[in-house]
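See below for data_34.cif, which holds mmCIF, C-alpha atoms and all ligand atoms.
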```cif
data_work
loop_
_atom_site.group_PDB
_atom_site.id
_atom_site.type_symbol
_atom_site.label_atom_id
_atom_site.label_comp_id
_atom_site.auth_asym_id
_atom_site.auth_seq_id
_atom_site.Cartn_x
_atom_site.Cartn_y
_atom_site.Cartn_z
ATOM 1 C CA MET A 3 26.232 -19.122 2.301
ATOM 2 C CA THR A 4 22.578 -18.047 1.930
ATOM 3 C CA SER A 5 21.443 -17.793 -1.654
ATOM 4 C CA PRO A 6 20.102 -14.389 -2.748
ATOM 5 C CA ASN A 7 16.905 -16.188 -3.799
ATOM 6 C CA SER A 8 16.103 -16.986 -0.184
ATOM 7 C CA GLN A 9 16.463 -13.379 0.964
ATOM 8 C CA PRO A 10 13.205 -11.603 1.856
ATOM 9 C CA ILE A 11 11.205 -9.163 -0.253
ATOM 10 C CA GLY A 12 10.784 -5.750 1.403
ATOM 11 C CA VAL A 13 7.333 -4.153 1.371
ATOM 12 C CA PHE A 14 6.597 -0.732 2.809
ATOM 13 C CA ASP A 15 3.853 1.822 3.211
ATOM 14 C CA SER A 16 3.232 4.923 5.290
ATOM 15 C CA GLY A 17 1.216 2.653 7.584
ATOM 16 C CA VAL A 18 -0.970 -0.423 7.589
ATOM 17 C CA GLY A 19 -2.534 0.204 4.146
ATOM 18 C CA GLY A 20 0.190 -1.742 2.356
ATOM 19 C CA LEU A 21 -0.937 -4.883 4.177
ATOM 20 C CA SER A 22 -3.565 -5.113 1.421
ATOM 21 C CA VAL A 23 -0.706 -5.482 -1.064
ATOM 22 C CA LEU A 24 1.200 -7.855 1.215
ATOM 23 C CA ARG A 25 -1.885 -10.071 1.380
ATOM 24 C CA ALA A 26 -1.897 -10.380 -2.410
ATOM 25 C CA LEU A 27 1.894 -10.886 -2.518
ATOM 26 C CA ARG A 28 1.742 -13.760 -0.044
ATOM 27 C CA ALA A 29 -1.022 -15.428 -2.045
ATOM 28 C CA GLU A 30 0.891 -15.071 -5.334
ATOM 29 C CA LEU A 31 4.338 -15.951 -3.923
ATOM 30 C CA PRO A 32 3.826 -18.510 -1.144
ATOM 31 C CA HIS A 33 7.479 -19.582 -1.032
ATOM 32 C CA GLU A 34 8.848 -16.096 -0.476
ATOM 33 C CA ARG A 35 9.839 -14.443 2.783
ATOM 34 C CA PHE A 36 8.599 -10.887 3.420
ATOM 35 C CA VAL A 37 9.617 -7.985 5.653
ATOM 36 C CA TYR A 38 6.864 -5.394 5.959
ATOM 37 C CA LEU A 39 7.504 -1.907 7.259
ATOM 38 C CA ALA A 40 4.693 0.447 8.307
ATOM 39 C CA ASP A 41 6.032 3.976 8.741
ATOM 40 C CA SER A 42 3.104 4.841 10.998
ATOM 41 C CA ALA A 43 5.034 7.341 13.134
ATOM 42 C CA HIS A 44 5.382 9.467 10.000
ATOM 43 C CA ALA A 45 1.968 8.835 8.430
ATOM 44 C CA PRO A 46 0.015 10.127 6.693
ATOM 45 C CA TYR A 47 2.301 10.775 3.730
ATOM 46 C CA GLY A 48 -0.502 12.052 1.529
ATOM 47 C CA GLU A 49 -0.554 15.629 2.755
ATOM 48 C CA ARG A 50 3.153 16.071 3.577
ATOM 49 C CA GLY A 51 4.884 16.924 0.330
ATOM 50 C CA ASP A 52 7.488 15.246 -1.862
ATOM 51 C CA ALA A 53 10.625 16.227 0.071
ATOM 52 C CA TYR A 54 9.368 14.650 3.285
ATOM 53 C CA VAL A 55 8.014 11.513 1.607
ATOM 54 C CA GLY A 56 11.195 11.201 -0.471
ATOM 55 C CA ALA A 57 13.405 11.357 2.639
ATOM 56 C CA ARG A 58 11.308 8.704 4.400
ATOM 57 C CA THR A 59 11.357 6.473 1.323
ATOM 58 C CA HIS A 60 15.150 6.661 1.095
ATOM 59 C CA ALA A 61 15.656 5.998 4.801
ATOM 60 C CA ILE A 62 13.336 2.980 4.741
ATOM 61 C CA THR A 63 14.836 1.527 1.559
ATOM 62 C CA ARG A 64 18.321 1.805 3.044
ATOM 63 C CA HIS A 65 17.150 0.253 6.300
ATOM 64 C CA LEU A 66 15.524 -2.709 4.535
ATOM 65 C CA LEU A 67 18.647 -3.291 2.447
ATOM 66 C CA GLU A 68 21.136 -2.941 5.298
ATOM 67 C CA GLN A 69 19.243 -4.622 8.121
ATOM 68 C CA HIS A 70 17.271 -7.266 6.232
ATOM 69 C CA GLY A 71 19.232 -7.826 3.012
ATOM 70 C CA ILE A 72 16.087 -7.601 0.893
ATOM 71 C CA LYS A 73 16.375 -8.950 -2.662
ATOM 72 C CA ALA A 74 13.518 -6.785 -4.019
ATOM 73 C CA LEU A 75 11.358 -3.902 -2.852
ATOM 74 C CA VAL A 76 7.640 -3.308 -3.266
ATOM 75 C CA VAL A 77 6.674 0.284 -2.495
ATOM 76 C CA ALA A 78 3.113 -0.518 -1.415
ATOM 77 C CA CYS A 79 2.196 3.148 -1.300
ATOM 78 C CA ASN A 80 0.922 5.230 -4.207
ATOM 79 C CA THR A 81 2.088 8.444 -2.531
ATOM 80 C CA ALA A 82 5.688 7.289 -1.996
ATOM 81 C CA THR A 83 5.798 5.855 -5.509
ATOM 82 C CA ALA A 84 4.684 9.173 -7.014
ATOM 83 C CA ALA A 85 7.125 11.191 -4.903
ATOM 84 C CA ALA A 86 10.258 9.080 -4.915
ATOM 85 C CA ILE A 87 10.368 5.857 -6.909
ATOM 86 C CA HIS A 88 12.373 7.414 -9.746
ATOM 87 C CA GLU A 89 15.077 8.432 -7.242
ATOM 88 C CA VAL A 90 15.146 5.013 -5.564
ATOM 89 C CA ARG A 91 15.502 3.456 -8.999
ATOM 90 C CA SER A 92 18.441 5.628 -9.935
ATOM 91 C CA ARG A 93 20.118 5.140 -6.549
ATOM 92 C CA TYR A 94 19.731 1.330 -6.574
ATOM 93 C CA PRO A 95 19.637 0.365 -10.259
ATOM 94 C CA ALA A 96 20.222 -3.339 -9.528
ATOM 95 C CA LEU A 97 17.369 -3.648 -7.020
ATOM 96 C CA PRO A 98 14.179 -5.168 -8.446
ATOM 97 C CA LEU A 99 11.628 -2.479 -7.603
ATOM 98 C CA VAL A 100 7.835 -2.378 -7.904
ATOM 99 C CA GLY A 101 5.755 0.728 -7.270
ATOM 100 C CA LEU A 102 2.052 1.445 -7.255
ATOM 101 C CA GLU A 103 -0.055 3.892 -9.170
ATOM 102 C CA PRO A 104 -3.827 4.344 -9.321
ATOM 103 C CA ALA A 105 -5.134 1.670 -11.704
ATOM 104 C CA ILE A 106 -6.871 4.013 -14.123
ATOM 105 C CA LYS A 107 -5.743 2.063 -17.188
ATOM 106 C CA PRO A 108 -7.326 -1.222 -16.021
ATOM 107 C CA ALA A 109 -10.475 0.775 -15.189
ATOM 108 C CA LEU A 110 -10.855 1.616 -18.887
ATOM 109 C CA ALA A 111 -11.307 -2.061 -19.685
ATOM 110 C CA VAL A 112 -14.120 -2.323 -17.152
ATOM 111 C CA THR A 113 -16.218 0.829 -17.431
ATOM 112 C CA GLN A 114 -19.388 0.674 -19.497
ATOM 113 C CA THR A 115 -20.586 4.210 -18.832
ATOM 114 C CA GLY A 116 -17.201 5.773 -19.615
ATOM 115 C CA ARG A 117 -17.174 7.639 -16.300
ATOM 116 C CA VAL A 118 -14.613 6.520 -13.732
ATOM 117 C CA GLY A 119 -14.104 7.823 -10.192
ATOM 118 C CA VAL A 120 -10.563 7.971 -8.803
ATOM 119 C CA ILE A 121 -9.813 8.468 -5.114
ATOM 120 C CA GLY A 122 -6.352 8.809 -3.601
ATOM 121 C CA THR A 123 -4.178 11.061 -1.480
ATOM 122 C CA ARG A 124 -3.545 14.658 -2.428
ATOM 123 C CA GLY A 125 0.151 13.789 -2.898
ATOM 124 C CA THR A 126 -0.622 11.074 -5.436
ATOM 125 C CA LEU A 127 -3.367 12.815 -7.381
ATOM 126 C CA THR A 128 -1.549 16.126 -7.723
ATOM 127 C CA SER A 129 1.783 14.503 -8.664
ATOM 128 C CA ALA A 130 3.412 14.974 -12.047
ATOM 129 C CA LYS A 131 3.498 11.184 -12.411
ATOM 130 C CA PHE A 132 -0.280 10.857 -12.056
ATOM 131 C CA GLY A 133 -0.849 13.925 -14.263
ATOM 132 C CA LYS A 134 1.136 12.232 -17.023
ATOM 133 C CA LEU A 135 -0.742 8.950 -16.607
ATOM 134 C CA LEU A 136 -4.080 10.754 -16.820
ATOM 135 C CA ALA A 137 -3.047 12.846 -19.811
ATOM 136 C CA GLY A 138 -2.073 9.671 -21.676
ATOM 137 C CA LEU A 139 -5.650 8.379 -21.387
ATOM 138 C CA GLN A 140 -7.382 11.597 -22.302
ATOM 139 C CA GLY A 141 -10.466 11.110 -24.451
ATOM 140 C CA GLN A 142 -10.791 7.402 -23.581
ATOM 141 C CA ALA A 143 -13.054 7.964 -20.525
ATOM 142 C CA GLU A 144 -14.049 10.734 -18.197
ATOM 143 C CA PHE A 145 -12.145 10.544 -14.909
ATOM 144 C CA VAL A 146 -13.525 12.240 -11.792
ATOM 145 C CA VAL A 147 -10.508 12.675 -9.525
ATOM 146 C CA GLN A 148 -11.011 13.247 -5.802
ATOM 147 C CA PRO A 149 -8.193 13.711 -3.255
ATOM 148 C CA CYS A 150 -9.351 12.396 0.128
ATOM 149 C CA ASP A 151 -7.474 14.396 2.772
ATOM 150 C CA GLY A 152 -7.532 12.653 6.136
ATOM 151 C CA LEU A 153 -9.066 9.368 4.970
ATOM 152 C CA ALA A 154 -5.931 7.188 5.153
ATOM 153 C CA HIS A 155 -5.194 8.644 8.580
ATOM 154 C CA ALA A 156 -8.729 7.899 9.811
ATOM 155 C CA ILE A 157 -8.431 4.291 8.595
ATOM 156 C CA GLU A 158 -5.028 4.009 10.273
ATOM 157 C CA ARG A 159 -6.421 5.280 13.572
ATOM 158 C CA SER A 160 -9.416 2.952 13.556
ATOM 159 C CA VAL A 161 -7.622 -0.368 13.067
ATOM 160 C CA ASP A 162 -7.378 -1.332 16.710
ATOM 161 C CA ARG A 163 -10.988 -0.397 17.482
ATOM 162 C CA PRO A 164 -13.763 -2.979 17.318
ATOM 163 C CA VAL A 165 -15.536 -3.085 13.940
ATOM 164 C CA PRO A 166 -18.883 -1.282 14.443
ATOM 165 C CA ALA A 167 -22.093 -3.124 13.592
ATOM 166 C CA SER A 168 -22.939 -0.545 10.928
ATOM 167 C CA PRO A 169 -20.418 1.664 9.143
ATOM 168 C CA GLN A 170 -22.193 4.967 9.824
ATOM 169 C CA GLY A 171 -21.058 7.279 12.577
ATOM 170 C CA THR A 172 -17.295 6.774 12.378
ATOM 171 C CA GLU A 173 -14.683 9.281 11.242
ATOM 172 C CA THR A 174 -13.930 7.029 8.260
ATOM 173 C CA TRP A 175 -17.611 7.008 7.274
ATOM 174 C CA ASP A 176 -17.931 10.786 7.531
ATOM 175 C CA LEU A 177 -14.923 11.327 5.273
ATOM 176 C CA CYS A 178 -15.999 8.691 2.735
ATOM 177 C CA GLU A 179 -19.478 10.227 2.619
ATOM 178 C CA ARG A 180 -18.129 13.742 2.099
ATOM 179 C CA TYR A 181 -15.787 12.748 -0.731
ATOM 180 C CA ILE A 182 -18.098 10.314 -2.518
ATOM 181 C CA GLU A 183 -20.929 12.867 -2.489
ATOM 182 C CA ALA A 184 -18.607 15.536 -3.872
ATOM 183 C CA MET A 185 -17.783 13.318 -6.863
ATOM 184 C CA GLY A 186 -21.320 13.029 -8.261
ATOM 185 C CA ALA A 187 -23.611 10.129 -9.128
ATOM 186 C CA PHE A 188 -22.442 6.503 -9.000
ATOM 187 C CA GLY A 189 -24.320 3.703 -10.766
ATOM 188 C CA THR A 190 -24.653 1.993 -14.109
ATOM 189 C CA ALA A 191 -26.979 4.455 -15.877
ATOM 190 C CA ALA A 192 -25.615 6.718 -18.613
ATOM 191 C CA GLY A 193 -23.630 9.589 -17.131
ATOM 192 C CA GLU A 194 -22.971 7.786 -13.838
ATOM 193 C CA MET A 195 -19.645 6.491 -12.538
ATOM 194 C CA ASP A 196 -19.749 2.693 -12.678
ATOM 195 C CA THR A 197 -16.101 2.188 -11.639
ATOM 196 C CA LEU A 198 -14.133 3.456 -8.652
ATOM 197 C CA VAL A 199 -10.338 3.293 -8.617
ATOM 198 C CA LEU A 200 -8.923 2.996 -5.105
ATOM 199 C CA GLY A 201 -5.693 4.936 -5.567
ATOM 200 C CA CYS A 202 -4.429 4.506 -2.016
ATOM 201 C CA THR A 203 -3.604 1.166 -0.409
ATOM 202 C CA HIS A 204 -5.461 2.093 2.786
ATOM 203 C CA TYR A 205 -8.815 2.509 1.089
ATOM 204 C CA ILE A 206 -9.657 -1.155 0.557
ATOM 205 C CA PHE A 207 -9.949 -1.313 4.340
ATOM 206 C CA ALA A 208 -12.870 1.152 4.096
ATOM 207 C CA GLU A 209 -14.539 -1.078 1.493
ATOM 208 C CA ARG A 210 -17.735 -1.506 3.516
ATOM 209 C CA ASP A 211 -18.183 2.280 3.904
ATOM 210 C CA LEU A 212 -17.437 2.941 0.242
ATOM 211 C CA ARG A 213 -19.667 0.090 -0.944
ATOM 212 C CA THR A 214 -22.580 1.341 1.174
ATOM 213 C CA LEU A 215 -22.168 4.795 -0.353
ATOM 214 C CA VAL A 216 -21.750 3.939 -4.045
ATOM 215 C CA GLY A 217 -24.081 0.935 -4.231
ATOM 216 C CA PRO A 218 -23.607 -2.715 -5.202
ATOM 217 C CA ALA A 219 -23.136 -2.306 -8.964
ATOM 218 C CA VAL A 220 -20.008 -0.139 -8.939
ATOM 219 C CA ARG A 221 -16.727 -1.964 -9.653
ATOM 220 C CA PHE A 222 -13.791 -1.272 -7.334
ATOM 221 C CA ILE A 223 -10.339 -1.402 -8.890
ATOM 222 C CA GLU A 224 -7.345 -1.804 -6.632
ATOM 223 C CA THR A 225 -3.785 -2.820 -7.263
ATOM 224 C CA GLY A 226 -2.828 -5.647 -4.891
ATOM 225 C CA GLU A 227 -3.160 -8.570 -7.294
ATOM 226 C CA PRO A 228 -1.631 -6.946 -10.405
ATOM 227 C CA VAL A 229 1.287 -5.744 -8.275
ATOM 228 C CA ALA A 230 1.807 -9.257 -6.918
ATOM 229 C CA ARG A 231 1.853 -10.653 -10.464
ATOM 230 C CA GLN A 232 4.276 -7.931 -11.575
ATOM 231 C CA THR A 233 6.554 -8.780 -8.627
ATOM 232 C CA ARG A 234 6.546 -12.434 -9.665
ATOM 233 C CA ARG A 235 7.459 -11.480 -13.259
ATOM 234 C CA LEU A 236 10.291 -9.251 -12.070
ATOM 235 C CA LEU A 237 11.743 -11.907 -9.763
ATOM 236 C CA GLU A 238 11.436 -14.529 -12.491
ATOM 237 C CA GLY A 239 13.224 -12.241 -14.942
ATOM 238 C CA ALA A 240 16.027 -11.626 -12.449
ATOM 239 C CA GLY A 241 16.278 -15.325 -11.563
ATOM 240 C CA LEU A 242 15.473 -14.461 -7.943
ATOM 241 C CA LEU A 243 12.340 -16.501 -7.213
ATOM 242 C CA ALA A 244 12.633 -18.605 -4.065
ATOM 243 C CA ALA A 245 12.314 -22.297 -4.786
ATOM 244 C CA PRO A 246 10.228 -24.318 -2.317
ATOM 245 C CA GLN A 247 13.239 -26.352 -1.231
ATOM 246 C CA GLU A 248 15.229 -23.183 -0.584
ATOM 247 C CA GLN A 249 12.760 -22.061 2.066
ATOM 248 C CA PRO A 250 15.068 -21.397 5.003
ATOM 249 C CA ALA A 251 14.268 -21.825 8.667
ATOM 250 C CA ALA A 252 14.046 -18.013 9.077
ATOM 251 C CA PRO A 253 10.526 -16.605 9.603
ATOM 252 C CA ASP A 254 8.537 -16.132 6.394
ATOM 253 C CA LEU A 255 6.977 -12.872 7.552
ATOM 254 C CA GLN A 256 8.241 -10.107 9.803
ATOM 255 C CA LEU A 257 6.188 -6.982 10.380
ATOM 256 C CA TYR A 258 7.622 -3.726 11.711
ATOM 257 C CA THR A 259 6.153 -0.363 12.568
ATOM 258 C CA THR A 260 7.760 2.950 13.426
ATOM 259 C CA GLY A 261 4.510 3.821 15.251
ATOM 260 C CA GLY A 262 2.167 2.094 17.669
ATOM 261 C CA LEU A 263 2.537 -1.662 18.009
ATOM 262 C CA PRO A 264 -1.157 -2.275 18.939
ATOM 263 C CA GLN A 265 -2.302 -0.806 15.597
ATOM 264 C CA LEU A 266 0.013 -3.041 13.570
ATOM 265 C CA GLN A 267 -0.886 -6.082 15.653
ATOM 266 C CA ALA A 268 -4.607 -5.435 15.248
ATOM 267 C CA ALA A 269 -4.280 -4.881 11.498
ATOM 268 C CA ALA A 270 -2.105 -7.989 11.053
ATOM 269 C CA ARG A 271 -4.594 -10.099 12.953
ATOM 270 C CA ARG A 272 -7.625 -8.668 11.200
ATOM 271 C CA TRP A 273 -6.348 -8.556 7.637
ATOM 272 C CA LEU A 274 -3.600 -11.165 7.407
ATOM 273 C CA ASP A 275 -4.640 -13.531 10.140
ATOM 274 C CA VAL A 276 -1.141 -13.483 11.619
ATOM 275 C CA PRO A 277 -0.480 -13.445 15.360
ATOM 276 C CA ALA A 278 0.633 -10.396 17.305
ATOM 277 C CA ASP A 279 4.058 -11.796 18.190
ATOM 278 C CA GLY A 280 5.202 -11.404 14.604
ATOM 279 C CA CYS A 281 5.026 -7.597 14.986
ATOM 280 C CA HIS A 282 7.842 -5.376 16.243
ATOM 281 C CA THR A 283 8.674 -1.711 16.549
ATOM 282 C CA VAL A 284 11.617 0.001 14.906
ATOM 283 C CA ALA A 285 12.935 3.559 14.791
ATOM 284 C CA ILE A 286 14.312 4.779 11.475
ATOM 285 C CA THR A 287 15.717 8.268 11.181
ATOM 286 C CA SER A 288 15.685 10.041 7.857
ATOM 287 C CA GLU A 289 19.121 11.663 8.111
ATOM 288 C CA THR A 290 21.413 8.805 9.122
ATOM 289 C CA THR A 291 21.543 5.041 8.941
ATOM 290 C CA GLU A 292 21.130 4.806 12.716
ATOM 291 C CA THR A 293 18.298 2.435 13.598
ATOM 292 C CA THR A 294 17.091 0.694 16.707
ATOM 293 C CA GLU A 295 15.133 -2.503 16.681
ATOM 294 C CA THR A 296 13.306 -4.252 19.438
ATOM 295 C CA THR A 297 13.495 -8.008 19.910
ATOM 296 C CA GLN A 298 12.484 -10.171 16.999
ATOM 297 C CA HIS A 299 10.046 -13.057 17.116
ATOM 298 C CA SER A 300 9.143 -15.382 14.353
ATOM 299 C CA LEU A 301 5.568 -16.092 13.319
HETATM 300 N N1 LIG B 401 -1.293 4.166 1.644
HETATM 301 C C1 LIG B 401 -0.691 5.246 1.010
HETATM 302 C C2 LIG B 401 -0.959 5.317 -0.481
HETATM 303 O O1 LIG B 401 -1.208 4.306 -1.114
HETATM 304 C C3 LIG B 401 -0.642 6.607 1.648
HETATM 305 C C4 LIG B 401 -1.565 6.987 2.743
HETATM 306 C C5 LIG B 401 -1.037 8.215 3.465
HETATM 307 O O2 LIG B 401 -0.115 8.028 4.264
HETATM 308 O O3 LIG B 401 -1.506 9.329 3.217
HETATM 309 O O4 LIG B 401 -0.904 6.369 -1.069
#
```
Is it possible to give me this structure as C-alpha cells?
Amino acid sequence: MTSPNSQPIGVFDSGVGGLSVLRALRAELPHERFVYLADSAHAPYGERGDAYVGARTHAITRHLLEQHGIKALVVACNTATAAAIHEVRSRYPALPLVGLEPAIKPALAVTQTGRVGVIGTRGTLTSAKFGKLLAGLQGQAEFVVQPCDGLAHAIERSVDRPVPASPQGTETWDLCERYIEAMGAFGTAAGEMDTLVLGCTHYIFAERDLRTLVGPAVRFIETGEPVARQTRRLLEGAGLLAAPQEQPAAPDLQLYTTGGLPQLQAAARRWLDVPADGCHTVAITSETTETTETTQHSL
C-alpha cells in the first residue's frame, strides 16, 4: 500500500501565476511530488466575486483530493485564499492547508521610508481578510493599496508570446504603468515608497515591467519562499514529509489546466524549465464531481 507521505501535494491558482509558488515549493521540498492545477478557463478570479471564486475553489479541492489523493493543499492564489480558505478549512479539517496573503507584515521589516506599496487583485484587496490584516498593522507604516484590474489576465494572455526586447508597448506594460503611476512616488527618499508588495502570484512574472517603472532601489516582496517554508513546517508537524527513499516511480510533477494547453506549456517551459509533455488539460465543473481528464504523461 502507498504511504500517505508519498502522495502528492496539490497546488492551485486561477491560472499560471501559482507556478511562481510551485517553483519555490520544488526548491524547498525536492523529494515531494506535486500536482498543479491552473484554472485558466475560469480566470481571472480577481474581478469575479467571492461566490464564484468559492465555488471554483471547492470544486478544485475536491477534484485534487478525489482524483490525485493529495496529502496537502497549497492555495497559490491570494484571491481564492481571501474568498474561500476558511470554508475549505472547515470542510476538510484534517487536510494540511496553506493559503497566501499579501506579505504586508514582512514588508514592515524591510521598509526604511515607512511607505509601502501593495498591489493585488480587487478581490484580494477589498476582502474582509485583507482589511483585517491591514487594520492590525495600522500606525506601523503607511500602505498605499492599489487593485490592478486586468493585470493578472494580461500576464496570463502573454505567456505563450515571445518575450519582447523591451517591456514597453505590451498590454502588461500599459497596465503596470497606469497602476504604478496612480500610486505615487517610488524610491528611497523620505515620503517615497521603497517597498512593493506583490499581492498576486501572477505579478512576479511582470517583474521586468514593474522594476523598470519603480526603479532599482525598491524592494519587491512576494510570498513564494515563505509559503514553501510554511508548507515544509506543516508537513513536518503532520509527519507527512516524503523521505527520499519513499520517492515512488510516479511522476514528481503533473501540471493541469482547465484552459489552453499552449499557455500552460509555455509558462512551464519558461518558468519551471519543464517540458511540454508534462502538461495536460482537464475539465472541472463547479456543481458536481464530474471531471474529464486527457491522457497523462510523466515528466
Ligand atoms: N494569481 C491570483 C492571485 O494571487 C489571481 C489572479 C486572478 O485570477 O485575478 O490573487
Top pick for closest residue to Glu34 in chain A, considering A:His282, A:His70, A:Arg234, A:Arg159 and counting only C-alpha atoms: A:Arg234
Counting all atoms listed in the file, which residues of chain A sit at most 6 Å from some atom of ligand LIG 401 (chain B), and what is each one's closest atom pair with its distance in Å to one decimal, listed by chain and rising residue number, as a Markdown table?
```
| residue | atom | partner | partner_atom | distance |
| --- | --- | --- | --- | --- |
| A:Asp15 | CA | B:LIG401 | N1 | 5.9 |
| A:Ser16 | CA | B:LIG401 | O2 | 4.7 |
| A:Gly19 | CA | B:LIG401 | N1 | 4.8 |
| A:Ala45 | CA | B:LIG401 | O2 | 4.7 |
| A:Pro46 | CA | B:LIG401 | O2 | 3.2 |
| A:Tyr47 | CA | B:LIG401 | O2 | 3.7 |
| A:Gly48 | CA | B:LIG401 | O3 | 3.4 |
| A:Cys79 | CA | B:LIG401 | O1 | 3.6 |
| A:Asn80 | CA | B:LIG401 | O4 | 3.8 |
| A:Thr81 | CA | B:LIG401 | O4 | 3.9 |
| A:Thr123 | CA | B:LIG401 | O3 | 5.7 |
| A:Ala154 | CA | B:LIG401 | C4 | 5.0 |
| A:Cys202 | CA | B:LIG401 | O1 | 3.4 |
| A:Thr203 | CA | B:LIG401 | O1 | 4.0 |
| A:His204 | CA | B:LIG401 | N1 | 4.8 |
```
Enter the distance from CA of Glu183 in chain A to CA of Ala105 in chain A, in Å, rounded to one decimal. 21.4 Å
Restricting to all atoms listed in the file, whichever of A:Gly125, A:Gly17, A:Gly119, A:Pro98 is closest to Gly261 in chain A is A:Gly17
To test your reading of the syntax: which residues would the PyMOL selection byres (((chain A and resi 61) around 9) and not hetatm) return for the file shown? Reply as a PyMOL selection string. chain A and resi 56-60+62-66+286-291
Check what the PyMOL selection byres (((chain A and resi 273) around 9) and not hetatm) selects in the file above and give those residues as a PyMOL selection string. chain A and resi 21-22+25+207+268-272+274-276
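Taking CA of Asp52 in chain A and CA of Ala85 in chain A as endpoints, the distance between them is 5.1 Å.
When the PyMOL selection byres (((chain A and resi 220) around 9) and not hetatm) is evaluated on the file shown here, the picked residues come out as A:Phe188, A:Gly189, A:Thr190, A:Met195, A:Asp196, A:Thr197, A:Leu198, A:Arg213, A:Val216, A:Gly217, A:Pro218, A:Ala219, A:Arg221, A:Phe222.
Closest to Gly71 in chain A among A:Pro108, A:Gly12, A:Pro228, A:Tyr54 is A:Gly12, based on all atoms listed in the file.
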I want to know what sits within 9 Å of Leu135 in chain A, based on only C-alpha atoms, with residues of the same chain fewer than 5 positions away left out; could you give that as a PyMOL selection string? chain A and resi 106-107+130
May I have the residues at most 8 Å from (-1.2, -8.8, -6.1) in the file's coordinates, counting only C-alpha atoms, as a tab-separated table (two decimals) with C-alpha atoms, in the coordinates of the input?
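Output (point.tsv):
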```tsv
chain	number	residue	atom	x	y	z
A	23	VAL	CA	-0.71	-5.48	-1.06
A	24	LEU	CA	1.20	-7.86	1.22
A	25	ARG	CA	-1.88	-10.07	1.38
A	26	ALA	CA	-1.90	-10.38	-2.41
A	27	LEU	CA	1.89	-10.89	-2.52
A	29	ALA	CA	-1.02	-15.43	-2.04
A	30	GLU	CA	0.89	-15.07	-5.33
A	225	THR	CA	-3.78	-2.82	-7.26
A	226	GLY	CA	-2.83	-5.65	-4.89
A	227	GLU	CA	-3.16	-8.57	-7.29
A	228	PRO	CA	-1.63	-6.95	-10.40
A	229	VAL	CA	1.29	-5.74	-8.28
A	230	ALA	CA	1.81	-9.26	-6.92
A	231	ARG	CA	1.85	-10.65	-10.46
A	232	GLN	CA	4.28	-7.93	-11.58
```
Can you work out the spacing between CA of Gly171 in chain A and CA of Tyr205 in chain A in Å, to one decimal? 17.5 Å
With only C-alpha atoms as the atoms that count, which of A:Ala96, A:Ala156, A:Met185, A:Ile72 lies nearest to Arg117 in chain A? A:Met185
